[in-house]
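Structure data (compact mmCIF, C-alpha atoms and all ligand atoms) from structure03.txt:
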```txt
# COMPACT_ATOMS: atom_id res chain seq x y z
CA MET A 1 0.00 0.00 0.00
CA LEU A 2 2.80 2.39 0.89
CA ALA A 3 4.54 1.66 -2.40
CA LEU A 4 1.34 2.44 -4.29
CA ALA A 5 0.91 5.75 -2.43
CA GLY A 6 4.51 6.65 -3.17
CA GLY A 7 4.04 5.84 -6.83
CA MET A 8 0.94 8.03 -7.05
CA TRP A 9 2.65 10.88 -5.15
CA ARG A 10 5.16 11.07 -7.98
CA PHE A 11 2.40 12.05 -10.40
CA LEU A 12 0.56 14.41 -8.04
CA VAL A 13 3.50 16.64 -7.12
CA PRO A 14 4.98 18.73 -9.93
CA ARG A 15 8.58 17.96 -10.60
CA LYS A 16 11.10 20.67 -9.97
CA ALA A 17 12.00 22.17 -13.30
CA ARG A 18 15.50 21.11 -14.22
CA ARG A 19 17.26 23.08 -16.88
CA GLU A 20 19.52 21.16 -19.16
CA ALA A 21 23.19 22.10 -19.01
CA LEU A 22 24.55 23.66 -22.19
CA LEU A 23 28.09 23.43 -20.88
CA ARG A 24 29.79 22.03 -17.76
CA VAL A 25 33.34 23.18 -17.02
CA PRO A 26 35.68 22.48 -14.07
CA LYS A 27 36.18 25.76 -12.20
CA ALA A 28 39.92 25.13 -12.01
CA GLU A 29 40.22 25.40 -15.82
CA LEU A 30 39.06 29.03 -15.95
CA PRO A 31 42.07 31.35 -15.59
CA ALA A 32 41.85 34.49 -13.45
CA ASN A 33 41.25 37.52 -15.67
CA GLY A 34 40.97 35.26 -18.70
CA ALA A 35 38.44 33.47 -20.81
CA LEU A 36 37.61 30.03 -22.14
CA VAL A 37 36.01 29.76 -25.56
CA TYR A 38 33.86 26.84 -26.65
CA ARG A 39 33.36 27.47 -30.34
CA GLU A 40 31.19 24.42 -30.97
CA SER A 41 28.81 25.50 -28.21
CA ARG A 42 29.28 29.16 -29.20
CA ILE A 43 29.82 30.09 -25.56
CA ALA A 44 32.62 31.98 -23.80
CA LEU A 45 33.26 31.97 -20.08
CA VAL A 46 34.88 35.24 -19.05
CA HIS A 47 36.58 35.72 -15.67
CA GLU A 48 37.34 39.34 -14.96
CA GLY A 49 37.56 41.39 -11.80
CA GLY A 50 36.27 38.54 -9.64
CA ASP A 51 33.16 38.02 -11.76
CA ILE A 52 32.54 35.11 -14.09
CA ILE A 53 30.02 35.48 -16.89
CA ALA A 54 28.90 33.16 -19.67
CA LEU A 55 28.41 34.90 -23.00
CA SER A 56 26.65 33.61 -26.05
CA LEU A 57 28.94 34.06 -29.06
CA VAL A 58 25.96 34.24 -31.40
CA CYS A 59 26.12 37.69 -32.94
CA PRO A 60 22.84 39.56 -32.33
CA HIS A 61 23.07 41.07 -35.83
CA LEU A 62 22.64 38.03 -38.11
CA GLY A 63 23.88 35.11 -36.05
CA CYS A 64 27.54 34.63 -37.03
CA THR A 65 29.91 33.29 -34.37
CA VAL A 66 31.77 36.12 -32.65
CA SER A 67 35.54 35.73 -32.27
CA VAL A 68 37.21 36.32 -28.90
CA THR A 69 40.45 38.30 -28.91
CA PRO A 70 42.66 39.45 -26.01
CA THR A 71 41.11 42.92 -26.16
CA GLY A 72 37.49 42.13 -26.89
CA MET A 73 35.19 40.38 -29.29
CA ILE A 74 34.57 40.97 -32.96
CA CYS A 75 32.14 39.47 -35.41
CA PRO A 76 33.95 38.31 -38.55
CA CYS A 77 30.87 38.75 -40.76
CA HIS A 78 30.16 42.48 -40.58
CA GLY A 79 32.54 43.77 -37.91
CA SER A 80 30.38 44.37 -34.86
CA ARG A 81 32.55 44.78 -31.76
CA PHE A 82 31.85 43.92 -28.14
CA ASN A 83 33.86 44.33 -24.97
CA ARG A 84 34.76 41.41 -22.65
CA LYS A 85 31.42 41.80 -20.86
CA GLY A 86 29.56 41.43 -24.16
CA GLU A 87 28.53 45.08 -24.27
CA LEU A 88 28.14 46.52 -27.77
CA LEU A 89 30.97 48.84 -28.82
CA SER A 90 30.10 49.27 -32.51
CA GLY A 91 27.55 47.90 -35.00
CA PRO A 92 25.91 47.02 -37.24
CA ALA A 93 24.58 44.92 -34.32
CA THR A 94 22.26 46.96 -32.11
CA GLU A 95 22.26 44.73 -29.03
CA PRO A 96 24.90 43.28 -26.71
CA LEU A 97 25.84 39.62 -26.63
CA ALA A 98 23.41 37.55 -24.57
CA ILE A 99 24.52 36.69 -21.06
CA LEU A 100 23.71 33.08 -20.26
CA ALA A 101 22.60 31.72 -16.91
CA LEU A 102 25.56 30.33 -15.01
CA GLU A 103 25.40 28.19 -11.89
CA SER A 104 27.99 26.84 -9.51
CA ASP A 105 27.77 23.09 -8.88
CA GLY A 106 30.58 22.01 -6.58
CA GLU A 107 33.78 22.03 -8.59
CA TYR A 108 31.97 22.87 -11.84
CA LEU A 109 30.50 25.88 -13.58
CA VAL A 110 27.29 25.00 -15.40
CA VAL A 111 25.85 27.13 -18.20
CA THR A 112 22.13 26.56 -18.39
CA GLY A 113 20.62 29.16 -20.69
CA ARG A 114 19.67 32.75 -21.42
CA SER A 115 19.64 35.19 -18.55
CA ARG A 116 19.96 38.88 -17.69
CA ALA A 117 22.30 38.67 -14.71
CA GLY A 118 24.37 35.53 -14.86
CA SER A 119 27.65 36.03 -13.08
CA VAL A 120 28.89 33.64 -10.40
S1 LIG B 201 26.40 38.89 -38.13
FE1 LIG B 201 27.73 39.86 -36.72
S2 LIG B 201 27.93 41.86 -37.45
FE2 LIG B 201 26.59 40.90 -38.83
```

Since I need it in another form, could you write the structure as structure tokens?
Amino acid sequence: MLALAGGMWRFLVPRKARREALLRVPKAELPANGALVYRESRIALVHEGGDIIALSLVCPHLGCTVSVTPTGMICPCHGSRFNRKGELLSGPATEPLAILALESDGEYLVVTGRSRAGSV
């Protein structure tokens, strides 16, 4: 009887929404005041001034993959430029790079999706 009640409880209580990880990276791999670029995922993890942010490298202009350089980020398609926080420096893009939700899970950083804030 208890097993039956437990089985039914599973369907009566909504499951906690679990967002799928887009990227999972050991914290130790991220250099201080540096960045890690995952071109296949089109995500950059940027560590600067004690903050860590996850940036989408999908250009908000027409969707090309933005390149990360030591001084900032530039889109190879039409030349939009962004600083290391993803803020727009020059167009033709009219929006900054998207900041992705970033969570800390023990020894790992987990990128889970689009967000407004997003630093760890
Ligand atoms: S797609 Fe990036 S500037 Fe056009």

Restricting the calculation to all atoms listed in the file: of A:Ala44, A:Met73, A:Ile52, A:Ala93, which residue gets closest to ligand LIG 201 (chain B)? A:Ala93

Return the padded bounding box of ligand LIG 201 (chain B) as AutoDock Vina command-line options: axis-aligned, built from all atoms listed in the file, 5 Å added on each side, with centre and edge lengths in Å to one decimal.
```
--center_x 27.2 --center_y 40.4 --center_z -37.8 --size_x 11.5 --size_y 13.0 --size_z 12.1
```

Please give me, as a PyMOL selection string, the residues lying within 12 Å of ligand LIG 201 (chain B) when counting only C-alpha atoms and all ligand atoms. chain A and resi 57-67+73-82+88-97

For range 100-109 of chain A, work out the shell of residues within 12 Å, counting only C-alpha atoms and skipping chain neighbours fewer than 5 positions away, then give it as a PDB file with C-alpha atoms, keeping the file's coordinate frame.
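Final output, saved to result37.pdb:
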```
ATOM      1  CA  ARG A  19      17.260  23.080 -16.880  1.00  0.00           C
ATOM      2  CA  GLU A  20      19.520  21.160 -19.160  1.00  0.00           C
ATOM      3  CA  ALA A  21      23.190  22.100 -19.010  1.00  0.00           C
ATOM      4  CA  LEU A  22      24.550  23.660 -22.190  1.00  0.00           C
ATOM      5  CA  LEU A  23      28.090  23.430 -20.880  1.00  0.00           C
ATOM      6  CA  ARG A  24      29.790  22.030 -17.760  1.00  0.00           C
ATOM      7  CA  VAL A  25      33.340  23.180 -17.020  1.00  0.00           C
ATOM      8  CA  PRO A  26      35.680  22.480 -14.070  1.00  0.00           C
ATOM      9  CA  LYS A  27      36.180  25.760 -12.200  1.00  0.00           C
ATOM     10  CA  ALA A  28      39.920  25.130 -12.010  1.00  0.00           C
ATOM     11  CA  GLU A  29      40.220  25.400 -15.820  1.00  0.00           C
ATOM     12  CA  LEU A  30      39.060  29.030 -15.950  1.00  0.00           C
ATOM     13  CA  LEU A  36      37.610  30.030 -22.140  1.00  0.00           C
ATOM     14  CA  ARG A  42      29.280  29.160 -29.200  1.00  0.00           C
ATOM     15  CA  ILE A  43      29.820  30.090 -25.560  1.00  0.00           C
ATOM     16  CA  ALA A  44      32.620  31.980 -23.800  1.00  0.00           C
ATOM     17  CA  LEU A  45      33.260  31.970 -20.080  1.00  0.00           C
ATOM     18  CA  VAL A  46      34.880  35.240 -19.050  1.00  0.00           C
ATOM     19  CA  HIS A  47      36.580  35.720 -15.670  1.00  0.00           C
ATOM     20  CA  ASP A  51      33.160  38.020 -11.760  1.00  0.00           C
ATOM     21  CA  ILE A  52      32.540  35.110 -14.090  1.00  0.00           C
ATOM     22  CA  ILE A  53      30.020  35.480 -16.890  1.00  0.00           C
ATOM     23  CA  ALA A  54      28.900  33.160 -19.670  1.00  0.00           C
ATOM     24  CA  LEU A  55      28.410  34.900 -23.000  1.00  0.00           C
ATOM     25  CA  SER A  56      26.650  33.610 -26.050  1.00  0.00           C
ATOM     26  CA  LEU A  57      28.940  34.060 -29.060  1.00  0.00           C
ATOM     27  CA  VAL A  58      25.960  34.240 -31.400  1.00  0.00           C
ATOM     28  CA  LYS A  85      31.420  41.800 -20.860  1.00  0.00           C
ATOM     29  CA  GLY A  86      29.560  41.430 -24.160  1.00  0.00           C
ATOM     30  CA  ARG A 114      19.670  32.750 -21.420  1.00  0.00           C
ATOM     31  CA  SER A 115      19.640  35.190 -18.550  1.00  0.00           C
ATOM     32  CA  ARG A 116      19.960  38.880 -17.690  1.00  0.00           C
ATOM     33  CA  ALA A 117      22.300  38.670 -14.710  1.00  0.00           C
ATOM     34  CA  GLY A 118      24.370  35.530 -14.860  1.00  0.00           C
ATOM     35  CA  SER A 119      27.650  36.030 -13.080  1.00  0.00           C
ATOM     36  CA  VAL A 120      28.890  33.640 -10.400  1.00  0.00           C
TER      37      VAL A 120
END
```

Point-to-point distance from CA of Pro70 in chain A to CA of Asn83 in chain A, Å rounded to tenths: 10.1 Å

Nearest candidate to Gly72 in chain A (options A:Glu48, A:Ser41, A:Arg84, A:Gly113; using only C-alpha atoms):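 Looking at the shortest contact to Gly72 in chain A, the residue is A:Arg84.
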
Length of the CA of Gly50 in chain A to CA of Ile99 in chain A vector [Å]: 16.5 Å
